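Data block below; observations after.
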Amino acid sequence: MVPAQSTQKSFDVLRTLAAHGAAGASLAQIAGAVALPKPTVHRLLAAMVQQGFALRSATGRRYQLGPEIYALALKSQSTMGLVEMWRGALMRVAERTGDSAFLMVRSGYDAVCLAKQDGIVSVRTLTGGIGGRIPLGIGPGSLAILATLSEDESDTILVHNDRRLRMLVPDLPESLPSWVERIRIDGFAQSGGLFLAEVGGVAVPVPRHLGAPECAISTATLASRLDEVRVAEVVAILKEEIAAVVGKTAG
């Protein structure tokens, strides 16, 4: 591999380790996920273990993210500042709607859950919680983030993520670009049971002037709770809370 490809594949390996969480992943699982031969992945993992970015189990058969990842994350003032900025808004959204509220942030071709506030109604989510990562193009928060981008950029991301998206949702609609355009017009995204059975959500993008990375506030609840009237109510609450944070930041 050329250096640039090797760097990209190293990131892919780290993301695969993150996706497998505390259970860890075997060499075969990682190699399959990143589409590389086992010897190549083994060399990448050996370097990561040496530097603390990966851990190898006592049996030597599984790998997990290492402590250096968490140490670097804790030192990231920009990330922590973003979480603190929106923590109060997430709490109020969860209290006012009864649904779980999330801060979703763009990370390259993905969206990452940086913060979460549980509501009265608890449901399974695509990200699985704080730190969870999904490809841009799946879920209301992710789609709302795409709507903050230019049409060319969002279309490029959807093409890049197409294989990953269809692995997660085999019957994914072909009309995702038009969905994103509709979100740009409406100012919000919603889903009801498409991405996860019986799970629905609403998301509103955060204005771009607050700076990078692009982000959105979203909710998750039972799809049966999201009729047209309730969607409008949740959207109004999200926009109100976002406007309050924007106002404080601007001031």
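Labeling convention for the structure tokens: chains A, B, ... as they appear, residues from 1 per chain, ligands from 1 in order of appearance.
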
### Message
For region 151-155 of chain A, find every residue with an atom within 10 Å (counting only C-alpha atoms), except residues of its own chain fewer than 2 positions away, and show them as a PyMOL selection string.
### Response
chain A and resi 109+136-137+143+145-149+157-161+176-178+180-181+184

Export of the given selection (N, CA, C and O atoms) as a JSON list (two decimals), in the first residue's frame:
[["chain", "number", "residue", "atom", "x", "y", "z"],
["A", 109, "TYR", "N", -16.88, 10.99, 6.59],
["A", 109, "TYR", "CA", -18.05, 10.44, 5.90],
["A", 109, "TYR", "C", -19.07, 9.86, 6.87],
["A", 109, "TYR", "O", -20.04, 9.25, 6.45],
["A", 136, "LEU", "N", -22.91, 8.68, 7.11],
["A", 136, "LEU", "CA", -23.84, 9.74, 6.75],
["A", 136, "LEU", "C", -24.81, 9.23, 5.68],
["A", 136, "LEU", "O", -24.39, 8.66, 4.68],
["A", 137, "GLY", "N", -26.10, 9.42, 5.93],
["A", 137, "GLY", "CA", -27.11, 8.94, 5.01],
["A", 137, "GLY", "C", -28.11, 8.00, 5.64],
["A", 137, "GLY", "O", -29.06, 7.57, 5.00],
["A", 143, "LEU", "N", -28.97, 12.52, 8.30],
["A", 143, "LEU", "CA", -29.55, 13.18, 7.13],
["A", 143, "LEU", "C", -29.62, 14.69, 7.32],
["A", 143, "LEU", "O", -29.41, 15.46, 6.38],
["A", 145, "ILE", "N", -27.54, 16.46, 9.03],
["A", 145, "ILE", "CA", -26.18, 16.97, 8.83],
["A", 145, "ILE", "C", -25.89, 17.11, 7.34],
["A", 145, "ILE", "O", -25.32, 18.12, 6.89],
["A", 146, "LEU", "N", -26.26, 16.10, 6.55],
["A", 146, "LEU", "CA", -26.05, 16.18, 5.10],
["A", 146, "LEU", "C", -26.73, 17.40, 4.50],
["A", 146, "LEU", "O", -26.22, 18.01, 3.55],
["A", 147, "ALA", "N", -27.86, 17.78, 5.06],
["A", 147, "ALA", "CA", -28.61, 18.92, 4.53],
["A", 147, "ALA", "C", -27.91, 20.25, 4.77],
["A", 147, "ALA", "O", -28.25, 21.25, 4.14],
["A", 148, "THR", "N", -26.91, 20.27, 5.67],
["A", 148, "THR", "CA", -26.16, 21.51, 5.89],
["A", 148, "THR", "C", -25.05, 21.69, 4.86],
["A", 148, "THR", "O", -24.45, 22.76, 4.78],
["A", 149, "LEU", "N", -24.79, 20.65, 4.07],
["A", 149, "LEU", "CA", -23.72, 20.68, 3.08],
["A", 149, "LEU", "C", -24.27, 21.09, 1.72],
["A", 149, "LEU", "O", -25.47, 21.09, 1.49],
["A", 157, "ILE", "N", -20.86, 12.24, -0.82],
["A", 157, "ILE", "CA", -20.80, 11.42, 0.39],
["A", 157, "ILE", "C", -21.74, 10.23, 0.27],
["A", 157, "ILE", "O", -21.39, 9.10, 0.63],
["A", 158, "LEU", "N", -22.93, 10.45, -0.26],
["A", 158, "LEU", "CA", -23.89, 9.35, -0.41],
["A", 158, "LEU", "C", -23.37, 8.29, -1.37],
["A", 158, "LEU", "O", -23.56, 7.08, -1.14],
["A", 159, "VAL", "N", -22.71, 8.71, -2.44],
["A", 159, "VAL", "CA", -22.12, 7.75, -3.37],
["A", 159, "VAL", "C", -21.01, 6.97, -2.68],
["A", 159, "VAL", "O", -20.92, 5.73, -2.79],
["A", 160, "HIS", "N", -20.17, 7.66, -1.94],
["A", 160, "HIS", "CA", -19.05, 7.03, -1.22],
["A", 160, "HIS", "C", -19.57, 6.02, -0.20],
["A", 160, "HIS", "O", -18.98, 4.94, -0.02],
["A", 161, "ASN", "N", -20.67, 6.36, 0.48],
["A", 161, "ASN", "CA", -21.19, 5.51, 1.56],
["A", 161, "ASN", "C", -22.19, 4.45, 1.09],
["A", 161, "ASN", "O", -22.69, 3.67, 1.92],
["A", 176, "LEU", "N", -32.44, 8.99, -1.73],
["A", 176, "LEU", "CA", -31.82, 9.72, -0.61],
["A", 176, "LEU", "C", -31.42, 11.15, -0.98],
["A", 176, "LEU", "O", -31.62, 12.07, -0.18],
["A", 177, "PRO", "N", -30.81, 11.39, -2.17],
["A", 177, "PRO", "CA", -30.47, 12.78, -2.50],
["A", 177, "PRO", "C", -31.68, 13.71, -2.48],
["A", 177, "PRO", "O", -31.59, 14.85, -2.02],
["A", 178, "SER", "N", -32.83, 13.24, -2.95],
["A", 178, "SER", "CA", -34.03, 14.07, -2.93],
["A", 178, "SER", "C", -34.55, 14.24, -1.51],
["A", 178, "SER", "O", -35.13, 15.28, -1.16],
["A", 180, "VAL", "N", -32.59, 14.53, 1.11],
["A", 180, "VAL", "CA", -31.72, 15.56, 1.67],
["A", 180, "VAL", "C", -32.17, 16.94, 1.19],
["A", 180, "VAL", "O", -32.19, 17.91, 1.96],
["A", 181, "GLU", "N", -32.54, 17.04, -0.08],
["A", 181, "GLU", "CA", -33.01, 18.32, -0.61],
["A", 181, "GLU", "C", -34.30, 18.75, 0.09],
["A", 181, "GLU", "O", -34.48, 19.94, 0.40],
["A", 184, "ARG", "N", -33.45, 20.23, 3.39],
["A", 184, "ARG", "CA", -32.96, 21.60, 3.24],
["A", 184, "ARG", "C", -34.13, 22.58, 3.18],
["A", 184, "ARG", "O", -34.07, 23.68, 3.74]]

At a cut-off of 10 Å, using only C-alpha atoms, what residues contact Thr127 (chain A)? Leave out same-chain residues fewer than 2 positions from it and give the result as a compact mmCIF listing (two decimals) with all heavy atoms, in the first residue's frame.
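The resulting selection_8.txt:
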# COMPACT_ATOMS: atom_id res chain seq x y z
N ALA A 19 -16.43 -0.20 16.58
CA ALA A 19 -17.74 -0.78 16.31
C ALA A 19 -17.96 -2.06 17.11
O ALA A 19 -19.10 -2.38 17.48
CB ALA A 19 -17.89 -1.07 14.82
N MET A 104 -25.52 14.87 17.31
CA MET A 104 -24.84 14.13 16.25
C MET A 104 -23.90 15.08 15.52
O MET A 104 -24.30 16.19 15.14
CB MET A 104 -25.86 13.55 15.28
CG MET A 104 -26.84 12.57 15.89
SD MET A 104 -26.03 11.09 16.56
CE MET A 104 -25.37 10.37 15.04
N ALA A 111 -21.30 10.12 10.88
CA ALA A 111 -21.87 10.94 11.94
C ALA A 111 -21.62 10.21 13.25
O ALA A 111 -21.79 8.99 13.33
CB ALA A 111 -23.36 11.15 11.73
N VAL A 112 -21.18 10.95 14.26
CA VAL A 112 -20.85 10.36 15.56
C VAL A 112 -21.76 10.96 16.63
O VAL A 112 -22.04 12.16 16.61
CB VAL A 112 -19.38 10.64 15.93
CG1 VAL A 112 -19.05 10.11 17.31
CG2 VAL A 112 -18.45 10.02 14.89
N CYS A 113 -22.22 10.12 17.54
CA CYS A 113 -23.01 10.60 18.67
C CYS A 113 -22.06 11.09 19.76
O CYS A 113 -21.36 10.30 20.38
CB CYS A 113 -23.90 9.48 19.22
SG CYS A 113 -24.84 9.95 20.68
N ARG A 124 -33.97 1.33 21.05
CA ARG A 124 -32.67 1.00 20.44
C ARG A 124 -32.37 2.03 19.35
O ARG A 124 -33.26 2.48 18.63
CB ARG A 124 -32.74 -0.40 19.82
CG ARG A 124 -31.42 -0.90 19.24
CD ARG A 124 -31.52 -2.38 18.97
NE ARG A 124 -32.54 -2.71 17.99
CZ ARG A 124 -32.27 -2.92 16.70
NH1 ARG A 124 -31.03 -2.80 16.25
NH2 ARG A 124 -33.22 -3.23 15.86
N THR A 125 -31.11 2.44 19.24
CA THR A 125 -30.73 3.44 18.24
C THR A 125 -29.65 2.91 17.32
O THR A 125 -28.98 1.92 17.63
CB THR A 125 -30.22 4.72 18.92
OG1 THR A 125 -29.06 4.43 19.73
CG2 THR A 125 -31.30 5.33 19.81
N GLY A 129 -25.48 4.65 21.24
CA GLY A 129 -25.16 5.54 22.36
C GLY A 129 -23.96 6.42 22.08
O GLY A 129 -23.49 6.52 20.94
N ILE A 130 -23.46 7.05 23.12
CA ILE A 130 -22.35 7.99 22.99
C ILE A 130 -21.12 7.30 22.39
O ILE A 130 -20.73 6.22 22.82
CB ILE A 130 -22.00 8.60 24.36
CG1 ILE A 130 -23.19 9.42 24.89
CG2 ILE A 130 -20.76 9.50 24.26
CD1 ILE A 130 -23.01 9.93 26.29
N GLY A 131 -20.54 7.94 21.40
CA GLY A 131 -19.37 7.38 20.73
C GLY A 131 -19.72 6.52 19.54
O GLY A 131 -18.83 6.16 18.75
N GLY A 132 -20.99 6.18 19.39
CA GLY A 132 -21.41 5.36 18.25
C GLY A 132 -21.27 6.11 16.94
O GLY A 132 -21.46 7.33 16.88
N ARG A 133 -20.95 5.40 15.89
CA ARG A 133 -20.67 6.00 14.58
C ARG A 133 -21.51 5.32 13.51
O ARG A 133 -21.64 4.10 13.50
CB ARG A 133 -19.18 5.82 14.26
CG ARG A 133 -18.74 6.24 12.88
CD ARG A 133 -17.27 5.90 12.69
NE ARG A 133 -16.43 6.67 13.56
CZ ARG A 133 -15.86 7.83 13.24
NH1 ARG A 133 -16.05 8.34 12.03
NH2 ARG A 133 -15.09 8.47 14.08
N ILE A 134 -22.10 6.12 12.63
CA ILE A 134 -22.88 5.60 11.52
C ILE A 134 -22.49 6.35 10.25
O ILE A 134 -22.06 7.51 10.31
CB ILE A 134 -24.40 5.75 11.75
CG1 ILE A 134 -24.75 7.21 12.06
CG2 ILE A 134 -24.89 4.81 12.83
CD1 ILE A 134 -26.24 7.47 12.18
N PRO A 135 -22.61 5.72 9.09
CA PRO A 135 -22.32 6.44 7.85
C PRO A 135 -23.35 7.53 7.59
O PRO A 135 -24.54 7.34 7.86
CB PRO A 135 -22.38 5.35 6.77
CG PRO A 135 -23.21 4.26 7.37
CD PRO A 135 -22.96 4.31 8.85
N GLY A 139 -30.50 7.48 9.21
CA GLY A 139 -30.98 8.09 10.44
C GLY A 139 -31.23 9.58 10.29
O GLY A 139 -30.55 10.25 9.51

### Length of the CA of Gly128 (chain A) to CA of Glu240 (chain A) vector [Å]
26.3 Å

### Message
With DSSP run on the backbone, what are the strand (DSSP E) residues within region 10-165 of chain A? I'd like them as a PyMOL selection string.
### Response
chain A and resi 25-26+54-56+62-65+100-107+110-117+133-135

Would you save the residues of that selection, restricted to N, CA, C and O atoms, as a short mmCIF file (atom, residue, chain, number, x, y, z; two decimals), in the first residue's frame?
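Ended up saving to selection05.cif:
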data_model
loop_
_atom_site.label_atom_id
_atom_site.label_comp_id
_atom_site.auth_asym_id
_atom_site.auth_seq_id
_atom_site.Cartn_x
_atom_site.Cartn_y
_atom_site.Cartn_z
N ALA A 25 -12.62 -7.56 18.46
CA ALA A 25 -12.78 -8.17 17.13
C ALA A 25 -11.59 -9.06 16.83
O ALA A 25 -10.46 -8.78 17.23
N SER A 26 -11.84 -10.14 16.12
CA SER A 26 -10.77 -11.05 15.73
C SER A 26 -10.04 -10.49 14.52
O SER A 26 -10.55 -9.59 13.83
N ALA A 54 -4.40 0.32 20.33
CA ALA A 54 -5.17 -0.92 20.31
C ALA A 54 -4.66 -1.82 21.44
O ALA A 54 -3.51 -1.68 21.89
N LEU A 55 -5.52 -2.70 21.90
CA LEU A 55 -5.17 -3.68 22.92
C LEU A 55 -5.39 -5.07 22.37
O LEU A 55 -6.37 -5.31 21.64
N ARG A 56 -4.49 -5.99 22.73
CA ARG A 56 -4.64 -7.38 22.33
C ARG A 56 -5.03 -8.20 23.55
O ARG A 56 -4.46 -8.03 24.64
N ARG A 62 -8.25 -11.52 20.04
CA ARG A 62 -9.16 -10.41 19.79
C ARG A 62 -8.46 -9.08 20.11
O ARG A 62 -7.52 -9.03 20.90
N TYR A 63 -8.97 -8.03 19.47
CA TYR A 63 -8.39 -6.70 19.64
C TYR A 63 -9.47 -5.70 20.03
O TYR A 63 -10.63 -5.82 19.60
N GLN A 64 -9.08 -4.73 20.84
CA GLN A 64 -9.97 -3.65 21.25
C GLN A 64 -9.26 -2.30 21.07
O GLN A 64 -8.03 -2.25 20.88
N LEU A 65 -10.03 -1.21 21.16
CA LEU A 65 -9.39 0.11 21.18
C LEU A 65 -8.53 0.23 22.42
O LEU A 65 -8.90 -0.25 23.50
N SER A 100 -35.54 10.37 23.87
CA SER A 100 -34.10 10.52 24.03
C SER A 100 -33.59 11.55 23.04
O SER A 100 -34.08 11.63 21.90
N ALA A 101 -32.62 12.35 23.47
CA ALA A 101 -32.08 13.43 22.63
C ALA A 101 -30.59 13.20 22.41
O ALA A 101 -29.88 12.73 23.30
N PHE A 102 -30.12 13.57 21.20
CA PHE A 102 -28.75 13.28 20.82
C PHE A 102 -28.09 14.48 20.14
O PHE A 102 -28.75 15.23 19.42
N LEU A 103 -26.79 14.61 20.37
CA LEU A 103 -25.97 15.54 19.60
C LEU A 103 -25.18 14.72 18.60
O LEU A 103 -24.31 13.93 18.97
N MET A 104 -25.52 14.87 17.31
CA MET A 104 -24.84 14.13 16.25
C MET A 104 -23.90 15.08 15.52
O MET A 104 -24.30 16.19 15.14
N VAL A 105 -22.67 14.66 15.32
CA VAL A 105 -21.63 15.51 14.74
C VAL A 105 -20.96 14.81 13.56
O VAL A 105 -20.71 13.59 13.61
N ARG A 106 -20.68 15.57 12.53
CA ARG A 106 -20.01 14.99 11.37
C ARG A 106 -18.56 14.66 11.69
O ARG A 106 -17.85 15.43 12.32
N SER A 107 -18.12 13.49 11.21
CA SER A 107 -16.73 13.08 11.29
C SER A 107 -16.37 12.42 9.96
O SER A 107 -16.60 11.23 9.76
N ASP A 110 -18.86 10.08 8.16
CA ASP A 110 -19.72 9.50 9.18
C ASP A 110 -20.36 10.57 10.05
O ASP A 110 -20.00 11.74 10.01
N ALA A 111 -21.30 10.12 10.88
CA ALA A 111 -21.87 10.94 11.94
C ALA A 111 -21.62 10.21 13.25
O ALA A 111 -21.79 8.99 13.33
N VAL A 112 -21.18 10.95 14.26
CA VAL A 112 -20.85 10.36 15.56
C VAL A 112 -21.76 10.96 16.63
O VAL A 112 -22.04 12.16 16.61
N CYS A 113 -22.22 10.12 17.54
CA CYS A 113 -23.01 10.60 18.67
C CYS A 113 -22.06 11.09 19.76
O CYS A 113 -21.36 10.30 20.38
N LEU A 114 -22.02 12.41 19.98
CA LEU A 114 -21.13 12.98 20.99
C LEU A 114 -21.78 13.06 22.36
O LEU A 114 -21.09 13.06 23.38
N ALA A 115 -23.10 13.20 22.39
CA ALA A 115 -23.78 13.31 23.68
C ALA A 115 -25.20 12.78 23.55
O ALA A 115 -25.80 12.81 22.47
N LYS A 116 -25.73 12.32 24.68
CA LYS A 116 -27.08 11.74 24.69
C LYS A 116 -27.75 12.04 26.02
O LYS A 116 -27.09 12.04 27.07
N GLN A 117 -29.05 12.31 25.97
CA GLN A 117 -29.84 12.47 27.18
C GLN A 117 -31.05 11.55 27.06
O GLN A 117 -31.87 11.69 26.15
N ARG A 133 -20.95 5.40 15.89
CA ARG A 133 -20.67 6.00 14.58
C ARG A 133 -21.51 5.32 13.51
O ARG A 133 -21.64 4.10 13.50
N ILE A 134 -22.10 6.12 12.63
CA ILE A 134 -22.88 5.60 11.52
C ILE A 134 -22.49 6.35 10.25
O ILE A 134 -22.06 7.51 10.31
N PRO A 135 -22.61 5.72 9.09
CA PRO A 135 -22.32 6.44 7.85
C PRO A 135 -23.35 7.53 7.59
O PRO A 135 -24.54 7.34 7.86
#

#### Entry: Spatial neighbours of region 40-52 of chain A, 6 Å, only C-alpha atoms, chain gap at least 3 places, as JSON, numbers by chain
{"A": [37, 55, 66, 68]}

Save the residues we just selected, N, CA and C atoms, as a PDB file, in the first residue's frame?
ATOM      1  N   PRO A  37      -5.702  -8.115   3.386  1.00  0.00           N
ATOM      2  CA  PRO A  37      -5.214  -9.437   3.785  1.00  0.00           C
ATOM      3  C   PRO A  37      -4.876  -9.464   5.274  1.00  0.00           C
ATOM      4  N   LEU A  55      -5.523  -2.699  21.904  1.00  0.00           N
ATOM      5  CA  LEU A  55      -5.170  -3.677  22.919  1.00  0.00           C
ATOM      6  C   LEU A  55      -5.387  -5.070  22.366  1.00  0.00           C
ATOM      7  N   GLY A  66      -7.400   0.902  22.290  1.00  0.00           N
ATOM      8  CA  GLY A  66      -6.475   1.068  23.401  1.00  0.00           C
ATOM      9  C   GLY A  66      -6.687   2.353  24.183  1.00  0.00           C
ATOM     10  N   GLU A  68      -4.853   4.934  24.638  1.00  0.00           N
ATOM     11  CA  GLU A  68      -4.377   6.184  24.044  1.00  0.00           C
ATOM     12  C   GLU A  68      -5.506   6.918  23.318  1.00  0.00           C
TER      13      GLU A  68
END

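Using only C-alpha atoms, the shortest contact distance between Ile242 (chain A) and any of A:Val93, A:Val123, A:Ile185, A:Leu168 is found at A:Val93.
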